[in-house]
>>> print(open('query19.txt').read())   # compact mmCIF, C-alpha atoms
# COMPACT_ATOMS: atom_id res chain seq x y z
CA MET T 188 67.99 5.12 -17.06
CA GLN T 189 67.79 1.40 -17.77
CA ILE T 190 64.08 1.37 -16.91
CA LYS T 191 63.39 4.17 -19.44
CA PHE T 192 65.31 2.24 -22.10
CA ILE T 193 63.30 -0.92 -21.40
CA GLN T 194 60.06 1.06 -21.56
CA LYS T 195 61.04 2.46 -24.96
CA ILE T 196 61.67 -1.08 -26.23
CA ILE T 197 58.24 -2.15 -24.92
CA ASP T 198 56.61 0.84 -26.61
CA PHE T 199 58.37 0.01 -29.87
CA ILE T 200 57.18 -3.61 -29.73
CA ARG T 201 53.64 -2.36 -29.08
CA GLY T 202 53.84 -0.19 -32.16
CA LYS T 203 54.11 3.14 -30.38
CA ASN T 204 56.32 5.90 -31.75
CA LEU T 205 59.57 6.45 -29.89
CA SER T 206 59.53 9.77 -28.12
CA ASP T 207 61.29 12.77 -29.62
CA ILE T 208 61.47 14.16 -26.07
CA ASP T 209 61.46 12.51 -22.68
CA THR T 210 59.97 15.28 -20.57
CA VAL T 211 58.14 18.61 -20.79
CA ASN T 212 58.83 21.42 -18.34
CA VAL T 213 55.55 22.35 -16.64
CA LYS T 214 56.94 24.31 -13.70
CA ASP T 215 55.38 27.77 -13.40
CA LYS T 216 53.50 27.26 -16.66
CA ILE T 217 49.89 27.16 -17.80
CA ILE T 218 49.29 23.66 -19.10
CA CYS T 219 47.43 23.72 -22.41
CA VAL T 220 45.75 20.42 -23.27
CA GLY T 221 43.57 19.56 -26.23
CA ASP T 222 43.29 19.12 -29.98
CA SER T 223 45.69 20.55 -32.59
CA HIS T 224 44.68 24.12 -31.73
CA VAL T 225 46.97 23.93 -28.70
CA ASN T 226 49.74 24.68 -31.18
CA PHE T 227 48.71 28.36 -31.05
CA PHE T 228 49.90 28.50 -27.44
CA SER T 229 53.32 27.14 -28.36
CA GLY T 230 54.17 30.37 -30.18
CA ASN T 231 54.82 28.53 -33.44
CA GLU T 232 53.22 29.70 -36.67
CA LYS T 233 53.35 26.22 -38.18
CA ILE T 234 52.23 23.01 -36.51
CA SER T 235 55.20 21.92 -34.41
CA PHE T 236 54.19 18.60 -32.91
CA ARG T 237 56.80 16.17 -31.66
CA ASN T 238 56.26 12.82 -30.00
CA PHE T 239 56.13 12.74 -26.22
CA LYS T 240 54.68 9.76 -24.34
CA ASN T 241 51.58 7.58 -24.45
CA ASP T 242 50.69 8.84 -27.95
CA ILE T 243 50.65 12.41 -26.62
CA ARG T 244 52.54 15.11 -28.49
CA ASN T 245 54.16 18.35 -27.40
CA CYS T 246 54.33 21.48 -29.54
CA ASN T 247 57.99 22.46 -29.17
CA ASP T 248 57.01 25.33 -26.91
CA LYS T 249 58.51 28.75 -27.51
CA LEU T 250 56.34 30.75 -25.14
CA LYS T 251 57.56 30.72 -21.54
CA GLU T 252 54.04 30.85 -20.13
CA PHE T 253 52.74 27.58 -21.61
CA ALA T 254 53.40 23.86 -21.77
CA THR T 255 51.36 22.24 -24.53
CA PHE T 256 50.02 18.71 -24.87
CA HIS T 257 48.28 17.59 -28.05
CA LEU T 258 45.97 14.61 -27.49
CA GLY T 259 44.97 14.10 -31.12
CA PRO T 260 41.75 15.08 -32.96
CA ALA T 261 39.72 14.68 -29.78
CA LEU T 262 36.13 15.83 -29.43
CA ALA T 263 34.73 17.92 -26.61
CA TYR T 264 31.72 15.60 -26.71
CA ASN T 265 33.89 12.59 -25.85
CA LEU T 266 35.95 14.04 -23.01
CA ASN T 267 33.86 12.26 -20.39
CA LYS T 268 34.11 8.91 -22.18
CA SER T 269 36.77 6.20 -22.03
CA ASP T 270 37.87 3.93 -24.88
CA THR T 271 37.26 6.48 -27.63
CA LYS T 272 39.32 6.48 -30.81
CA THR T 273 41.65 9.24 -29.58
CA ARG T 274 41.72 8.04 -25.96
CA ALA T 275 41.77 11.66 -24.81
CA ARG T 276 40.47 10.87 -21.35
CA GLU T 277 43.08 8.18 -20.80
CA LYS T 278 45.81 10.55 -21.99
CA ILE T 279 44.70 13.20 -19.51
CA GLN T 280 44.77 10.56 -16.78
CA PHE T 281 48.32 9.72 -17.83
CA LEU T 282 49.35 13.37 -17.47
CA ILE T 283 47.78 13.38 -14.01
CA ASP T 284 49.37 10.10 -12.96
CA GLU T 285 52.78 11.32 -14.13
CA LYS T 286 52.32 14.61 -12.21
CA TYR T 287 52.34 16.84 -15.26
CA ILE T 288 48.93 17.95 -14.00
CA THR T 289 48.46 18.27 -10.23
CA GLU T 290 46.07 19.91 -7.80
CA ARG T 291 48.20 23.05 -8.09
CA SER T 292 48.11 23.24 -11.87
CA VAL T 293 46.47 25.87 -14.06
CA VAL T 294 45.05 24.09 -17.10
CA LEU T 295 43.73 25.61 -20.32
CA LEU T 296 41.58 23.11 -22.23
CA CYS T 297 41.28 23.47 -25.98
CA PHE T 298 38.45 21.33 -27.38
CA GLY T 299 35.34 21.91 -29.48
CA GLU T 300 36.53 23.21 -32.86
CA ILE T 301 36.18 19.76 -34.43
CA ASP T 302 32.74 19.29 -32.87
CA CYS T 303 31.59 22.56 -34.49
CA ARG T 304 33.36 22.04 -37.81
CA VAL T 305 32.29 18.45 -38.44
CA HIS T 306 29.44 17.30 -36.23
CA ALA T 307 27.08 19.96 -34.86
CA VAL T 308 25.30 21.09 -38.04
CA LYS T 309 25.28 17.55 -39.41
CA GLN T 310 23.73 16.10 -36.27
CA ALA T 311 21.05 18.79 -36.13
CA GLU T 312 20.03 18.02 -39.70
CA LYS T 313 20.20 14.26 -39.20
CA GLU T 314 17.96 14.32 -36.12
CA ASN T 315 15.86 17.24 -37.37
CA ILE T 316 16.35 19.12 -34.13
CA PRO T 317 17.49 22.69 -33.39
CA LEU T 318 21.22 23.36 -33.60
CA GLU T 319 20.97 24.86 -30.12
CA THR T 320 19.86 21.49 -28.74
CA VAL T 321 22.82 19.69 -30.27
CA VAL T 322 25.29 22.28 -29.01
CA GLU T 323 23.82 22.22 -25.51
CA LYS T 324 24.34 18.45 -25.33
CA ILE T 325 27.91 18.63 -26.65
CA VAL T 326 28.85 21.26 -24.07
CA LYS T 327 27.25 19.32 -21.22
CA GLU T 328 29.20 16.18 -22.13
CA TYR T 329 32.37 18.27 -22.39
CA LEU T 330 31.99 19.83 -18.96
CA ASP T 331 31.01 16.51 -17.38
CA GLY T 332 34.47 15.36 -18.46
CA LEU T 333 36.13 17.89 -16.18
CA ASP T 334 35.59 15.53 -13.25
CA ILE T 335 38.84 13.80 -14.15
CA PHE T 336 41.00 16.71 -13.00
CA PRO T 337 42.45 16.84 -9.47
CA LYS T 338 40.53 18.85 -6.90
CA GLY T 339 42.10 22.26 -6.56
CA CYS T 340 43.31 22.34 -10.16
CA LYS T 341 42.29 25.59 -11.88
CA ILE T 342 40.53 24.97 -15.20
CA TYR T 343 40.00 27.45 -18.01
CA LEU T 344 38.32 26.68 -21.33
CA TRP T 345 39.48 28.07 -24.66
CA SER T 346 36.33 28.54 -26.72
CA PRO T 347 36.59 27.24 -30.31
CA VAL T 348 37.86 29.61 -32.99
CA ALA T 349 35.93 30.41 -36.17
CA SER T 350 35.79 27.69 -38.81
CA GLY T 351 38.26 27.74 -41.66
CA THR T 352 37.42 28.43 -45.29
CA PHE T 353 38.54 25.19 -46.86
CA THR T 354 39.43 24.44 -50.45
CA LYS T 355 38.50 21.05 -51.93
CA GLU T 356 42.02 19.81 -51.22
CA LEU T 357 41.99 20.98 -47.61
CA VAL T 358 38.62 19.35 -46.93
CA GLU T 359 40.36 15.99 -47.25
CA GLU T 360 42.79 16.99 -44.49
CA PHE T 361 40.25 18.84 -42.36
CA PRO T 362 36.77 17.30 -42.76
CA SER T 363 33.89 19.74 -42.40
CA TYR T 364 30.13 19.88 -42.79
CA GLY T 365 27.91 22.72 -43.90
CA THR T 366 28.90 26.16 -45.11
CA CYS T 367 31.46 28.28 -43.31
CA LYS T 368 28.67 30.56 -42.07
CA GLU T 369 26.70 27.60 -40.73
CA ARG T 370 29.75 26.27 -38.93
CA ASN T 371 30.49 29.69 -37.48
CA ARG T 372 26.94 29.97 -36.21
CA ALA T 373 27.40 26.61 -34.51
CA THR T 374 30.67 27.85 -33.04
CA GLU T 375 29.01 31.01 -31.75
CA LEU T 376 26.28 28.96 -30.08
CA PHE T 377 28.92 26.64 -28.63
CA GLY T 378 30.77 29.58 -27.10
CA GLU T 379 27.61 31.06 -25.61
CA GLU T 380 26.53 27.74 -24.15
CA LEU T 381 30.04 27.02 -22.89
CA LYS T 382 30.14 30.29 -20.99
CA LYS T 383 26.68 29.66 -19.53
CA GLN T 384 27.36 26.13 -18.32
CA ALA T 385 30.93 26.83 -17.22
CA GLU T 386 29.87 29.80 -15.12
CA ALA T 387 27.55 27.52 -13.17
CA ARG T 388 30.58 25.33 -12.42
CA ASN T 389 32.87 28.24 -11.57
CA VAL T 390 35.07 27.56 -14.61
CA GLY T 391 36.48 30.42 -16.70
CA VAL T 392 36.02 30.69 -20.47
CA LEU T 393 38.26 32.60 -22.88
CA SER T 394 37.21 33.45 -26.42
CA ILE T 395 38.44 35.43 -29.42
CA PHE T 396 35.75 34.08 -31.75
CA LYS T 397 34.13 37.46 -32.45
CA ASN T 398 37.51 38.88 -33.51
CA LEU T 399 37.77 36.21 -36.20
CA ILE T 400 34.50 36.80 -38.10
CA ASP T 401 32.94 39.72 -39.90
CA GLY T 402 29.34 40.91 -39.56
CA ASP T 403 28.09 38.22 -41.94
CA TYR T 404 29.70 35.28 -40.11
CA ASN T 405 32.49 35.01 -42.67
CA THR T 406 35.86 33.97 -41.26
CA ILE T 407 38.55 36.66 -41.51
CA GLU T 408 41.28 34.69 -43.26
CA LYS T 409 44.19 37.01 -42.47
CA TYR T 410 44.21 35.67 -38.92
CA TYR T 411 44.68 32.07 -40.08
CA SER T 412 47.71 30.04 -40.99
CA LYS T 413 48.29 28.65 -44.46
CA ASP T 414 46.33 25.49 -43.67
CA LYS T 415 43.15 27.63 -43.29
CA CYS T 416 42.18 25.75 -40.12
CA HIS T 417 44.49 26.91 -37.35
CA ILE T 418 44.79 30.52 -36.27
CA SER T 419 48.00 32.39 -36.96
CA GLN T 420 50.16 34.08 -34.38
CA LYS T 421 48.70 37.27 -35.88
CA ALA T 422 45.67 36.59 -33.68
CA TRP T 423 47.80 36.78 -30.54
CA LYS T 424 46.87 40.43 -30.02
CA PHE T 425 43.32 39.24 -29.30
CA ALA T 426 44.34 36.22 -27.27
CA LYS T 427 46.56 38.19 -24.92
CA ASP T 428 43.66 40.37 -23.79
CA GLU T 429 41.69 37.22 -22.94
CA LEU T 430 44.60 35.52 -21.23
CA MET T 431 45.04 38.49 -18.94
CA LYS T 432 41.87 37.25 -17.24
CA ILE T 433 44.00 34.43 -15.80
CA GLU T 434 45.72 35.56 -12.61
CA GLU T 435 48.67 33.25 -13.13
CA TYR T 436 49.19 34.53 -16.68
CA ARG T 437 49.23 38.11 -15.41
CA SER T 438 51.79 37.05 -12.85
CA LEU T 439 54.00 35.44 -15.48
CA GLN T 440 53.73 38.65 -17.50
CA GLY T 441 54.80 40.65 -14.47
CA THR T 442 51.36 42.25 -14.16
CA LYS T 443 49.14 41.94 -11.09
>>> encode(input="query19.txt", output="structure tokens")
Amino acid sequence: MQIKFIQKIIDFIRGKNLSDIDTVNVKDKIICVGDSHVNFFSGNEKISFRNFKNDIRNCNDKLKEFATFHLGPALAYNLNKSDTKTRAREKIQFLIDEKYITERSVVLLCFGEIDCRVHAVKQAEKENIPLETVVEKIVKEYLDGLDIFPKGCKIYLWSPVASGTFTKELVEEFPSYGTCKERNRATELFGEELKKQAEARNVGVLSIFKNLIDGDYNTIEKYYSKDKCHISQKAWKFAKDELMKIEEYRSLQGTK
């Protein structure tokens, strides 16, 4: 108890936020790790982040099947790199070191939406190269980052959702590049490439992207929260069908 108190004082001196919670229950749960879209798996309609440890946040989980860890606005492209702005890789290592993630864990990674919303189209235009080439590189870097997880740990990837339709005000909160249709095309390519490369590594991919767009690549707004970026719990009817592909999720649902 005294050691925890001393650590909190050290964190405070270092400028870190004091934790709102001291621990997260991960027993018999699927551990969802990633950017702010992990909030969907908390069961909360609104963003529900609360401070945890090491600049990691938890989403005040309401769903019994998941334990969520928000690492910040981390990029899929940077998951295999240390010393990035969000320190996502170091935060994952912390969760491993502290036994929140072990060789017996089932982990659902949630990265890539920011890469598609902000960077993919922009980088393709900047380098004057096909969007497919940019996406292929992002996905490769992402999957190379999976080497950090313990051997035996089951990894699933949540493919990025369709891009939001942002107003001028929301663009300041959620930076984006290109039109919504362009971003959704990038997201579609990302999902296709993710499935291709992940299959070669025996990693499962879950996606509800096609349920979130119409035939013209427009995002269907009724499945999004008020911030226009994160999907609403209304989209859960699609997600549940995908999650049933995970044996452990079926087990937690009482279905073999």
>>> closest_residue(input="query19.txt", among="T:Gly402, T:Gly221, T:Gly230, T:Gly441", to="Tyr329 (chain T)", atoms="only C-alpha atoms")
T:Gly221
>>> closest_atom_pairs(input="query19.txt", of="region 273-376 of chain T", to="region 406-425 of chain T", cutoff="7 Å", atoms="all atoms listed in the file", output="CSV")
residue,atom,partner,partner_atom,distance
T:Ala349,CA,T:Thr406,CA,6.2
T:Ser350,CA,T:Thr406,CA,6.7
T:Gly351,CA,T:Cys416,CA,4.7
T:Thr352,CA,T:Lys415,CA,6.1
T:Phe353,CA,T:Lys415,CA,6.3
>>> atom_distance(input="query19.txt", atom1="CA of Cys297 (chain T)", atom2="CA of Lys251 (chain T)")
18.4 Å
>>> residues_around(input="query19.txt", residues="region 210-220 of chain T", least_positions_apart="5", cutoff="9 Å", atoms="all atoms listed in the file", output="list of chain:residue names")
T:Val225, T:Phe228, T:Phe239, T:Lys240, T:Asn245, T:Lys251, T:Glu252, T:Phe253, T:Ala254, T:Thr255, T:Phe256, T:His257, T:Leu258, T:Ile279, T:Tyr287, T:Ile288, T:Ser292, T:Val293, T:Val294, T:Leu295, T:Leu296, T:Cys297, T:Phe298, T:Glu435, T:Tyr436, T:Leu439
>>> residues_around(input="query19.txt", residues="region 381-393 of chain T", least_positions_apart="3", cutoff="10 Å", atoms="all atoms listed in the file", output="compact mmCIF listing (two decimals) with C-alpha atoms, in the frame of the given file")
# COMPACT_ATOMS: atom_id res chain seq x y z
CA LEU T 295 43.73 25.61 -20.32
CA LEU T 296 41.58 23.11 -22.23
CA GLY T 299 35.34 21.91 -29.48
CA VAL T 322 25.29 22.28 -29.01
CA GLU T 323 23.82 22.22 -25.51
CA ILE T 325 27.91 18.63 -26.65
CA VAL T 326 28.85 21.26 -24.07
CA LYS T 327 27.25 19.32 -21.22
CA TYR T 329 32.37 18.27 -22.39
CA LEU T 330 31.99 19.83 -18.96
CA LEU T 333 36.13 17.89 -16.18
CA LYS T 341 42.29 25.59 -11.88
CA ILE T 342 40.53 24.97 -15.20
CA TYR T 343 40.00 27.45 -18.01
CA LEU T 344 38.32 26.68 -21.33
CA TRP T 345 39.48 28.07 -24.66
CA SER T 346 36.33 28.54 -26.72
CA PRO T 347 36.59 27.24 -30.31
CA GLU T 375 29.01 31.01 -31.75
CA LEU T 376 26.28 28.96 -30.08
CA PHE T 377 28.92 26.64 -28.63
CA GLY T 378 30.77 29.58 -27.10
CA PHE T 396 35.75 34.08 -31.75
CA ALA T 426 44.34 36.22 -27.27
CA ASP T 428 43.66 40.37 -23.79
CA GLU T 429 41.69 37.22 -22.94
CA LEU T 430 44.60 35.52 -21.23
CA MET T 431 45.04 38.49 -18.94
CA LYS T 432 41.87 37.25 -17.24
CA ILE T 433 44.00 34.43 -15.80
>>> closest_residue(input="query19.txt", among="T:Glu319, T:Glu328, T:Glu300, T:Leu282", to="Asn265 (chain T)", atoms="only C-alpha atoms")
T:Glu328
>>> residues_around(input="query19.txt", residues="Lys309 (chain T)", least_positions_apart="4", cutoff="8 Å", atoms="all atoms listed in the file", output="tab-separated table (two decimals) with C-alpha atoms, keeping the file's coordinate frame")
chain	number	residue	atom	x	y	z
T	305	VAL	CA	32.29	18.45	-38.44
T	313	LYS	CA	20.20	14.26	-39.20
T	364	TYR	CA	30.13	19.88	-42.79
T	365	GLY	CA	27.91	22.72	-43.90
>>> closest_residue(input="query19.txt", among="T:Asp209, T:Leu399, T:Glu232, T:Ser363", to="Arg304 (chain T)", atoms="only C-alpha atoms")
T:Ser363
>>> atom_distance(input="query19.txt", atom1="CA of Ala373 (chain T)", atom2="CA of Ala311 (chain T)")
10.2 Å
>>> atom_distance(input="query19.txt", atom1="CA of Asp334 (chain T)", atom2="CA of Thr273 (chain T)")
18.5 Å
>>> axis_aligned_box(input="query19.txt", around="region 206-224 of chain T", padding_each_side="8 Å", output="AutoDock Vina command-line options")
--center_x 52.4 --center_y 18.8 --center_z -23.0 --size_x 34.2 --size_y 34.0 --size_z 35.2
>>> residues_near_point(input="query19.txt", point="(42.5, 18.0, -9.2)", cutoff="8 Å", atoms="all atoms listed in the file", output="list in words")
Thr289, Glu290, Arg291, Ile335, Phe336, Pro337, Lys338, Gly339 and Cys340 of chain T
>>> residues_around(input="query19.txt", residues="Ser269 (chain T)", least_positions_apart="3", cutoff="12 Å", atoms="all atoms listed in the file", output="list in words")
Ala261, Tyr264, Asn265, Leu266, Lys272, Thr273, Arg274, Ala275, Arg276, Glu277, Lys278, Ile279, Gln280, Gly332 and Ile335 of chain T
>>> closest_residue(input="query19.txt", among="T:Glu380, T:Asp222, T:Asp302, T:Glu314", to="Pro362 (chain T)", atoms="only C-alpha atoms")
T:Asp302
>>> closest_residue(input="query19.txt", among="T:Gly259, T:Glu369, T:Thr271, T:Asn398", to="Glu312 (chain T)", atoms="all atoms listed in the file")
T:Glu369
>>> closest_residue(input="query19.txt", among="T:Leu318, T:Asp284, T:Ile400, T:Cys246", to="Cys303 (chain T)", atoms="only C-alpha atoms")
T:Leu318
>>> decode(input="query19.txt", residues="region 289-389 of chain T", atoms="C-alpha atoms", output="compact mmCIF listing (two decimals), in the first residue's frame")
# COMPACT_ATOMS: atom_id res chain seq x y z
CA THR T 289 -0.07 -12.75 -20.94
CA GLU T 290 0.56 -15.74 -23.18
CA ARG T 291 -2.98 -16.88 -22.36
CA SER T 292 -4.67 -13.63 -23.30
CA VAL T 293 -7.07 -12.98 -26.16
CA VAL T 294 -6.32 -9.50 -27.50
CA LEU T 295 -8.38 -7.40 -29.90
CA LEU T 296 -6.27 -4.61 -31.42
CA CYS T 297 -8.01 -1.47 -32.61
CA PHE T 298 -5.72 0.69 -34.77
CA GLY T 299 -5.82 2.18 -38.26
CA GLU T 300 -8.77 4.59 -38.32
CA ILE T 301 -6.47 7.57 -37.80
CA ASP T 302 -4.06 6.32 -40.46
CA CYS T 303 -6.94 6.19 -42.97
CA ARG T 304 -8.61 9.42 -41.87
CA VAL T 305 -5.51 11.62 -41.76
CA HIS T 306 -2.52 10.12 -43.51
CA ALA T 307 -3.17 7.60 -46.29
CA VAL T 308 -4.70 9.83 -48.98
CA LYS T 309 -2.39 12.69 -48.07
CA GLN T 310 0.73 10.55 -48.34
CA ALA T 311 -0.33 9.09 -51.68
CA GLU T 312 -0.79 12.57 -53.10
CA LYS T 313 2.42 13.88 -51.57
CA GLU T 314 4.55 11.06 -52.99
CA ASN T 315 2.49 10.75 -56.17
CA ILE T 316 2.11 7.02 -55.68
CA PRO T 317 -0.95 4.74 -55.69
CA LEU T 318 -3.07 4.73 -52.56
CA GLU T 319 -2.75 0.94 -52.56
CA THR T 320 1.02 1.26 -52.14
CA VAL T 321 0.67 3.54 -49.13
CA VAL T 322 -1.91 1.29 -47.49
CA GLU T 323 0.19 -1.82 -48.08
CA LYS T 324 3.13 -0.20 -46.28
CA ILE T 325 1.00 0.98 -43.35
CA VAL T 326 -0.44 -2.50 -42.84
CA LYS T 327 2.97 -4.16 -43.04
CA GLU T 328 4.37 -1.83 -40.37
CA TYR T 329 1.29 -2.49 -38.23
CA LEU T 330 1.61 -6.26 -38.40
CA ASP T 331 5.36 -6.13 -37.83
CA GLY T 332 4.47 -4.54 -34.49
CA LEU T 333 2.69 -7.68 -33.35
CA ASP T 334 6.06 -9.18 -32.43
CA ILE T 335 5.79 -7.49 -29.05
CA PHE T 336 3.03 -9.79 -27.82
CA PRO T 337 3.82 -12.93 -25.80
CA LYS T 338 4.02 -16.20 -27.70
CA GLY T 339 0.75 -18.05 -27.35
CA CYS T 340 -1.30 -14.87 -27.03
CA LYS T 341 -4.27 -14.90 -29.43
CA ILE T 342 -4.44 -11.73 -31.53
CA TYR T 343 -7.43 -10.41 -33.46
CA LEU T 344 -7.50 -7.17 -35.44
CA TRP T 345 -10.50 -4.83 -35.55
CA SER T 346 -10.48 -3.33 -39.03
CA PRO T 347 -11.02 0.47 -39.10
CA VAL T 348 -14.58 1.76 -39.32
CA ALA T 349 -15.79 4.15 -42.02
CA SER T 350 -14.61 7.74 -41.78
CA GLY T 351 -16.83 10.31 -40.14
CA THR T 352 -18.57 13.17 -41.91
CA PHE T 353 -17.03 16.11 -40.11
CA THR T 354 -18.27 19.66 -39.80
CA LYS T 355 -15.75 22.52 -39.81
CA GLU T 356 -15.85 22.58 -36.01
CA LEU T 357 -15.29 18.83 -35.67
CA VAL T 358 -12.33 18.89 -38.06
CA GLU T 359 -10.41 20.80 -35.38
CA GLU T 360 -11.05 17.96 -32.92
CA PHE T 361 -10.66 15.14 -35.42
CA PRO T 362 -8.18 16.11 -38.17
CA SER T 363 -8.86 14.57 -41.57
CA TYR T 364 -7.63 14.74 -45.15
CA GLY T 365 -9.53 14.32 -48.38
CA THR T 366 -13.24 13.81 -48.90
CA CYS T 367 -15.24 11.32 -46.90
CA LYS T 368 -15.47 9.07 -49.97
CA GLU T 369 -11.70 9.21 -50.49
CA ARG T 370 -11.08 8.33 -46.86
CA ASN T 371 -13.57 5.48 -47.04
CA ARG T 372 -11.85 4.12 -50.13
CA ALA T 373 -8.58 4.20 -48.20
CA THR T 374 -10.28 2.41 -45.31
CA GLU T 375 -11.66 -0.24 -47.64
CA LEU T 376 -8.20 -0.85 -49.09
CA PHE T 377 -6.76 -0.98 -45.58
CA GLY T 378 -9.26 -3.65 -44.56
CA GLU T 379 -8.59 -5.75 -47.64
CA GLU T 380 -4.83 -5.52 -47.19
CA LEU T 381 -5.12 -6.19 -43.46
CA LYS T 382 -7.04 -9.39 -44.09
CA LYS T 383 -4.53 -10.49 -46.73
CA GLN T 384 -1.42 -9.90 -44.65
CA ALA T 385 -2.96 -11.08 -41.39
CA GLU T 386 -4.09 -14.36 -42.93
CA ALA T 387 -0.48 -15.09 -43.87
CA ARG T 388 0.41 -14.64 -40.19
CA ASN T 389 -2.53 -16.68 -38.90
